[in-house]
>>> print(open('input.txt').read())   # compact mmCIF, C-alpha atoms
# COMPACT_ATOMS: atom_id res chain seq x y z
CA MET A 9 -7.59 21.53 -47.88
CA SER A 10 -6.03 18.09 -48.24
CA TRP A 11 -5.42 16.26 -44.98
CA PHE A 12 -3.48 13.38 -46.46
CA LYS A 13 -1.14 12.52 -49.29
CA ARG A 14 -0.14 9.25 -50.92
CA LYS A 15 3.51 8.33 -50.88
CA ASP A 16 5.04 4.95 -51.71
CA GLU A 17 1.67 3.18 -51.46
CA ASN A 18 1.18 4.45 -47.88
CA ILE A 19 -1.26 7.11 -46.71
CA GLN A 20 0.34 9.71 -44.47
CA THR A 21 -1.54 12.43 -42.59
CA SER A 22 -0.24 15.96 -42.93
CA GLU A 23 -0.51 16.51 -39.18
CA LYS A 24 0.79 14.09 -36.57
CA LYS A 25 -1.68 13.53 -33.76
CA GLU A 26 -0.04 12.78 -30.44
CA MET A 27 -1.71 10.35 -28.05
CA PRO A 28 -1.90 12.00 -24.62
CA GLU A 29 0.48 10.25 -22.25
CA GLY A 30 -1.13 7.70 -19.99
CA VAL A 31 -4.52 7.55 -21.75
CA TRP A 32 -4.10 3.82 -22.37
CA VAL A 33 -2.65 1.56 -19.70
CA LYS A 34 -1.15 -1.86 -20.33
CA VAL A 35 -2.21 -4.71 -18.02
CA PRO A 36 1.01 -6.54 -17.01
CA THR A 37 -0.58 -9.99 -16.66
CA THR A 38 -2.43 -10.05 -20.00
CA GLY A 39 -0.68 -7.52 -22.21
CA GLU A 40 -4.06 -5.96 -23.04
CA THR A 41 -4.67 -2.22 -22.79
CA ILE A 42 -7.41 -0.40 -20.93
CA HIS A 43 -8.48 3.23 -21.00
CA ARG A 44 -7.29 5.09 -17.92
CA ARG A 45 -10.74 6.55 -17.25
CA GLU A 46 -12.29 3.08 -17.16
CA LEU A 47 -9.49 1.90 -14.89
CA GLU A 48 -10.00 4.80 -12.48
CA GLU A 49 -13.76 4.21 -12.38
CA ASN A 50 -13.07 0.59 -11.39
CA LEU A 51 -10.66 1.63 -8.59
CA PHE A 52 -7.60 0.72 -10.69
CA VAL A 53 -8.66 -2.91 -11.06
CA ASP A 54 -8.74 -4.40 -14.58
CA PRO A 55 -12.39 -5.47 -15.02
CA LEU A 56 -11.46 -8.38 -17.31
CA SER A 57 -8.51 -10.03 -15.56
CA GLY A 58 -9.00 -8.67 -12.06
CA TYR A 59 -5.41 -7.42 -11.96
CA HIS A 60 -4.97 -4.87 -9.15
CA PHE A 61 -2.78 -1.94 -10.13
CA ARG A 62 -0.78 -0.39 -7.31
CA ILE A 63 -2.32 2.75 -5.84
CA GLY A 64 -1.31 5.02 -2.97
CA SER A 65 -2.75 6.55 0.18
CA LYS A 66 -4.65 9.24 -1.74
CA GLU A 67 -6.67 6.62 -3.63
CA TYR A 68 -7.15 4.32 -0.63
CA PHE A 69 -8.37 7.20 1.53
CA ASN A 70 -10.85 8.16 -1.20
CA ILE A 71 -12.11 4.56 -1.27
CA ILE A 72 -12.38 4.07 2.48
CA PHE A 73 -13.50 7.37 3.96
CA ASP A 74 -17.06 8.53 3.38
CA GLY A 75 -17.00 11.27 0.76
CA GLY A 76 -13.20 11.09 0.83
CA LYS A 77 -13.29 13.25 3.97
CA PHE A 78 -10.84 12.65 6.81
CA LYS A 79 -8.59 14.48 9.23
CA GLU A 80 -4.91 13.84 8.63
CA ILE A 81 -2.76 13.51 11.73
CA ALA A 82 0.97 13.08 12.44
CA ASP A 83 1.86 14.73 9.11
CA ASP A 84 4.11 17.16 10.98
CA ILE A 85 6.52 14.30 11.80
CA VAL A 86 9.25 14.34 9.12
CA SER A 87 12.49 12.50 8.42
CA THR A 88 15.95 13.72 9.34
CA ASP A 89 19.32 12.13 8.62
CA PRO A 90 20.71 11.16 12.05
CA LEU A 91 23.30 8.79 10.57
CA GLU A 92 24.37 11.19 7.77
CA PHE A 93 23.96 8.23 5.44
CA THR A 94 25.34 8.18 1.89
CA ASP A 95 25.40 5.38 -0.67
CA ARG A 96 25.11 6.34 -4.32
CA LYS A 97 23.72 9.65 -3.10
CA LYS A 98 22.97 11.38 0.17
CA TYR A 99 19.93 10.22 2.12
CA THR A 100 18.80 13.84 2.42
CA ASP A 101 18.84 14.11 -1.38
CA ARG A 102 16.76 10.92 -1.68
CA LEU A 103 14.21 12.35 0.73
CA GLU A 104 13.92 15.60 -1.20
CA GLU A 105 13.62 13.79 -4.55
CA SER A 106 10.87 11.53 -3.20
CA LYS A 107 8.98 14.49 -1.75
CA LYS A 108 9.05 16.31 -5.10
CA LYS A 109 8.17 13.20 -7.09
CA THR A 110 5.26 12.01 -4.94
CA GLY A 111 4.03 15.14 -3.19
CA LEU A 112 4.27 13.17 0.07
CA SER A 113 6.34 13.95 3.14
CA ASP A 114 7.11 10.28 3.87
CA ALA A 115 6.02 6.71 3.14
CA ALA A 116 2.98 6.60 5.46
CA ARG A 117 -0.05 8.80 6.09
CA VAL A 118 -2.65 8.61 8.85
CA GLY A 119 -6.28 9.68 8.57
CA VAL A 120 -9.20 9.72 11.00
CA GLY A 121 -12.74 9.60 9.63
CA LYS A 122 -15.76 7.42 8.95
CA MET A 123 -16.24 4.34 6.76
CA ASN A 124 -19.93 3.81 6.06
CA GLY A 125 -20.60 5.63 9.30
CA VAL A 126 -18.08 3.65 11.38
CA ASP A 127 -15.43 5.81 13.09
CA LEU A 128 -11.92 4.54 12.47
CA VAL A 129 -8.23 5.38 12.07
CA VAL A 130 -6.42 4.40 8.87
CA GLY A 131 -2.67 4.28 8.41
CA CYS A 132 -1.63 3.80 4.78
CA MET A 133 1.81 3.27 3.28
CA ASP A 134 2.93 4.57 -0.13
CA PHE A 135 5.32 2.48 -2.24
CA GLY A 136 6.16 5.53 -4.32
CA PHE A 137 8.12 7.08 -1.46
CA ILE A 138 11.46 5.23 -1.35
CA GLY A 139 9.71 1.93 -1.98
CA GLY A 140 7.33 2.39 0.94
CA SER A 141 10.28 1.66 3.21
CA MET A 142 9.72 1.68 6.95
CA GLY A 143 11.88 4.32 8.60
CA SER A 144 11.57 6.22 11.87
CA VAL A 145 8.82 8.49 10.55
CA VAL A 146 6.71 5.60 9.27
CA GLY A 147 7.03 3.89 12.65
CA GLU A 148 6.23 7.07 14.53
CA ARG A 149 3.21 7.96 12.38
CA LEU A 150 1.79 4.46 12.66
CA GLY A 151 2.50 4.63 16.38
CA VAL A 152 0.37 7.79 16.54
CA ALA A 153 -2.34 5.97 14.56
CA ILE A 154 -2.36 3.13 17.08
CA ASP A 155 -2.39 5.51 20.05
CA THR A 156 -5.24 7.52 18.52
CA ALA A 157 -7.33 4.38 17.98
CA ARG A 158 -6.67 3.36 21.58
CA GLU A 159 -7.51 6.79 23.02
CA LYS A 160 -10.67 7.22 20.94
CA LYS A 161 -11.56 3.52 21.29
CA ILE A 162 -12.22 3.18 17.57
CA PRO A 163 -11.00 0.51 15.09
CA LEU A 164 -7.66 0.71 13.30
CA ILE A 165 -6.81 -0.32 9.74
CA ILE A 166 -3.22 -0.33 8.51
CA ILE A 167 -2.71 -0.70 4.76
CA SER A 168 0.76 -2.08 4.07
CA GLN A 169 2.67 -1.52 0.84
CA THR A 170 6.41 -1.75 1.26
CA GLY A 171 9.75 -3.15 0.24
CA GLY A 172 10.78 -3.46 3.90
CA ALA A 173 12.95 -1.53 6.34
CA ARG A 174 14.68 1.68 5.25
CA MET A 175 18.34 0.77 5.07
CA MET A 176 19.43 4.43 5.21
CA GLU A 177 18.33 4.52 8.86
CA SER A 178 19.93 1.20 9.85
CA VAL A 179 18.99 0.06 13.38
CA LEU A 180 16.68 3.05 13.83
CA SER A 181 14.49 1.54 11.13
CA LEU A 182 14.60 -1.95 12.64
CA MET A 183 13.48 -0.53 15.99
CA GLN A 184 10.14 0.38 14.43
CA MET A 185 9.21 -3.32 14.26
CA ALA A 186 9.42 -3.67 18.03
CA LYS A 187 7.80 -0.30 18.72
CA THR A 188 4.73 -0.80 16.52
CA SER A 189 4.32 -4.40 17.72
CA ALA A 190 4.40 -3.26 21.37
CA LYS A 191 1.83 -0.55 20.70
CA LEU A 192 -0.44 -3.06 18.94
CA ALA A 193 -0.21 -5.28 22.02
CA GLN A 194 -1.54 -2.33 24.06
CA LEU A 195 -4.34 -1.89 21.54
CA ASP A 196 -5.21 -5.56 21.86
CA GLN A 197 -5.33 -5.28 25.65
CA GLU A 198 -7.91 -2.51 25.25
CA GLY A 199 -9.97 -4.77 22.97
CA ILE A 200 -9.80 -2.33 20.03
CA PRO A 201 -10.13 -4.08 16.61
CA PHE A 202 -7.15 -3.94 14.25
CA ILE A 203 -7.40 -5.02 10.62
CA SER A 204 -4.17 -5.43 8.68
CA TYR A 205 -4.75 -4.93 4.94
CA LEU A 206 -1.84 -6.20 2.83
CA THR A 207 -1.30 -5.00 -0.73
CA ASN A 208 1.31 -5.60 -3.42
CA PRO A 209 4.04 -5.79 -2.24
CA THR A 210 4.26 -6.29 1.53
CA THR A 211 7.72 -7.54 2.40
CA GLY A 212 10.61 -7.34 4.85
CA GLY A 213 10.36 -5.96 8.36
CA VAL A 214 6.76 -4.85 7.90
CA THR A 215 5.66 -8.42 7.21
CA ALA A 216 7.77 -9.52 10.16
CA SER A 217 5.92 -7.15 12.48
CA TYR A 218 2.64 -5.22 12.33
CA ALA A 219 1.41 -6.48 8.94
CA MET A 220 0.85 -9.97 10.38
CA LEU A 221 -0.47 -8.90 13.78
CA GLY A 222 -4.03 -7.99 12.81
CA ASP A 223 -7.07 -9.42 14.51
CA PHE A 224 -7.83 -10.09 10.86
CA ASN A 225 -5.16 -10.19 8.15
CA VAL A 226 -6.74 -9.32 4.80
CA ALA A 227 -5.03 -9.03 1.41
CA GLU A 228 -5.73 -7.93 -2.13
CA PRO A 229 -5.71 -10.60 -4.87
CA GLY A 230 -2.29 -11.46 -6.26
CA ALA A 231 -0.37 -9.42 -3.68
CA LEU A 232 3.23 -10.43 -3.03
CA ILE A 233 3.54 -11.01 0.72
CA ALA A 234 6.88 -12.16 2.07
CA PHE A 235 9.82 -11.51 4.34
CA ALA A 236 12.43 -12.01 1.63
CA GLY A 237 11.49 -11.83 -2.05
CA PRO A 238 11.23 -14.95 -4.26
CA ARG A 239 14.55 -14.28 -6.01
CA VAL A 240 16.43 -14.04 -2.71
CA VAL A 241 14.76 -17.19 -1.34
CA ARG A 242 15.51 -19.10 -4.55
CA GLN A 243 19.18 -18.10 -4.47
CA THR A 244 19.44 -18.96 -0.77
CA ILE A 245 17.93 -22.45 -0.86
CA GLY A 246 19.14 -23.27 -4.37
CA ARG A 247 15.89 -24.77 -5.61
CA ASP A 248 12.75 -23.79 -7.50
CA LEU A 249 9.85 -22.45 -5.48
CA PRO A 250 6.24 -23.74 -5.53
CA GLU A 251 3.99 -22.15 -8.13
CA GLY A 252 2.42 -18.95 -6.81
CA PHE A 253 4.76 -18.97 -3.82
CA GLN A 254 4.32 -15.89 -1.56
CA THR A 255 1.17 -14.68 -3.32
CA ALA A 256 -1.90 -13.79 -1.28
CA GLU A 257 -3.66 -16.90 -2.59
CA TYR A 258 -0.80 -19.18 -1.50
CA LEU A 259 -0.71 -17.62 1.96
CA LEU A 260 -4.49 -17.92 2.36
CA GLU A 261 -4.29 -21.62 1.48
CA HIS A 262 -1.55 -22.13 4.09
CA GLY A 263 -3.27 -20.24 6.90
CA PHE A 264 -1.38 -16.96 6.98
CA LEU A 265 -4.36 -14.85 5.86
CA ASP A 266 -8.00 -14.71 6.89
CA PHE A 267 -9.49 -13.26 3.70
CA ILE A 268 -8.69 -12.03 0.22
CA VAL A 269 -10.82 -9.05 -0.74
CA GLU A 270 -11.21 -7.41 -4.13
CA ARG A 271 -10.48 -3.70 -3.95
CA THR A 272 -13.88 -2.93 -5.44
CA GLU A 273 -15.45 -4.72 -2.44
CA MET A 274 -12.94 -3.45 0.11
CA LYS A 275 -15.06 -0.79 1.79
CA ALA A 276 -18.20 -2.92 2.02
CA LYS A 277 -16.38 -6.03 3.29
CA LEU A 278 -14.28 -4.22 5.88
CA THR A 279 -17.34 -2.32 7.12
CA GLN A 280 -19.27 -5.59 7.47
CA LEU A 281 -16.37 -7.16 9.34
CA LEU A 282 -15.99 -4.24 11.76
CA LYS A 283 -19.73 -4.04 12.43
CA LEU A 284 -19.77 -7.74 13.32
CA ILE A 285 -16.85 -7.26 15.71
CA LEU A 286 -18.26 -4.11 17.30
CA HIS A 287 -21.72 -5.68 17.65
CA LYS A 288 -20.21 -8.69 19.42
CA LYS A 289 -18.30 -6.39 21.77
>>> encode(input="input.txt", output="structure tokens")
Amino acid sequence: MSWFKRKDENIQTSEKKEMPEGVWVKVPTTGETIHRRELEENLFVDPLSGYHFRIGSKEYFNIIFDGGKFKEIADDIVSTDPLEFTDRKKYTDRLEESKKKTGLSDAARVGVGKMNGVDLVVGCMDFGFIGGSMGSVVGERLGVAIDTAREKKIPLIIISQTGGARMMESVLSLMQMAKTSAKLAQLDQEGIPFISYLTNPTTGGVTASYAMLGDFNVAEPGALIAFAGPRVVRQTIGRDLPEGFQTAEYLLEHGFLDFIVERTEMKAKLTQLLKLILHKK
């Protein structure tokens, strides 16, 4: 049986072979492609350029918690629509679409488990759910995370990944900045360590509140960290911005961060940091 035929000087196969979707992934910074399996094995970090692809709470929990095992809490807290908000579509419709698309119930999850044997609470945001926006549920779940760390007297890590406050909840969203900041002050009074881990992007009200209140503020390489995005700042001040403005590296150089940690070293470095703090205590 012939598997090819010659036509107009070109060889054409008799059967078209489809490339499975998502097998090869393009690296935005270099334009090169990498096999998805290799990318997954390297925790979604390009081994050549070091570019960190965005991942969600499922992947971060698998990285941090020993054996990927943890107890999820506060997942019964879900969003409503107290303002009956509508823009291009109803807020309730946006919530349902995001739930179906992501398999999540909101933009933050909280897990309790062990990291290299160290007990801790981890709150992690998901950009995939309405841009990781901070609404009432995100604030309440992170509030439960803080309270749990305080009650159990174990460290807290919050992984931020967000476009800012959730506009569909208006002032109710903005209130979460004050609430989480107040709860973190209580945690600090108890002497419980809090590490804020900032990923790409961390912007808006989250940056203006709990994301910058860690005993240690740690970021992934290349992460955009800002209150307002570069485009908005440029349009507001009417001038070009410094090269690398609002990247993790720029913020580290100017004293807003304590460390930049590669995702592949995240678990080991954060464990080392917590053990040093706990030993000193």
>>> residues_near_point(input="input.txt", point="(11.4, 4.0, 2.8)", cutoff="10 Å", atoms="all atoms listed in the file", output="MDAnalysis selection string")
chainID A and resid 102:103 106 114:116 133:146 170:177 181
>>> closest_residue(input="input.txt", among="A:Asp223, A:Glu105, A:Asp89, A:Glu67", to="Glu49 in chain A", atoms="only C-alpha atoms")
A:Glu67
>>> atom_distance(input="input.txt", atom1="CA of Val241 in chain A", atom2="CA of Ser168 in chain A")
21.3 Å
>>> atom_distance(input="input.txt", atom1="CA of Glu257 in chain A", atom2="CA of Pro229 in chain A")
7.0 Å
>>> closest_residue(input="input.txt", among="A:Leu128, A:Leu259, A:Met220, A:Met123", to="Lys161 in chain A", atoms="all atoms listed in the file")
A:Leu128
>>> atom_distance(input="input.txt", atom1="CA of Asn50 in chain A", atom2="CA of Asp83 in chain A")
29.0 Å
>>> closest_residue(input="input.txt", among="A:Val179, A:Arg239, A:Gly111, A:Lys79", to="Gly64 in chain A", atoms="all atoms listed in the file")
A:Gly111
>>> residues_around(input="input.txt", residues="range 196-206 of chain A", least_positions_apart="3", cutoff="10 Å", atoms="all atoms listed in the file", output="PyMOL selection string")
chain A and resi 128-132+154+157-170+190-193+209-211+215+218-229+231-233+256+265+267-269+274+278+281-282+285-286+289
>>> closest_residue(input="input.txt", among="A:Lys277, A:His287, A:Lys122, A:Lys98", to="Asp74 in chain A", atoms="all atoms listed in the file")
A:Lys122
>>> closest_residue(input="input.txt", among="A:Thr272, A:Thr38, A:Gln194, A:Ser113", to="Ser87 in chain A", atoms="all atoms listed in the file")
A:Ser113
>>> closest_residue(input="input.txt", among="A:Ile245, A:Leu150, A:Ile85, A:Ala216", to="Gly119 in chain A", atoms="all atoms listed in the file")
A:Leu150
>>> residues_around(input="input.txt", residues="Ser57 in chain A", least_positions_apart="2", cutoff="10 Å", atoms="all atoms listed in the file", output="ChimeraX atom specification")
/A:35,37-38,40,53-55,59-60
>>> residues_near_point(input="input.txt", point="(-12.2, 5.0, 1.5)", cutoff="10 Å", atoms="all atoms listed in the file", output="JSON, numbers by chain")
{"A": [65, 66, 67, 68, 69, 70, 71, 72, 73, 74, 75, 76, 77, 78, 121, 122, 123, 124, 130, 274, 275, 276]}
>>> axis_aligned_box(input="input.txt", around="range 243-260 of chain A", padding_each_side="5 Å", output="AutoDock Vina command-line options")
--center_x 7.5 --center_y -19.3 --center_z -2.9 --size_x 33.9 --size_y 21.0 --size_z 20.5
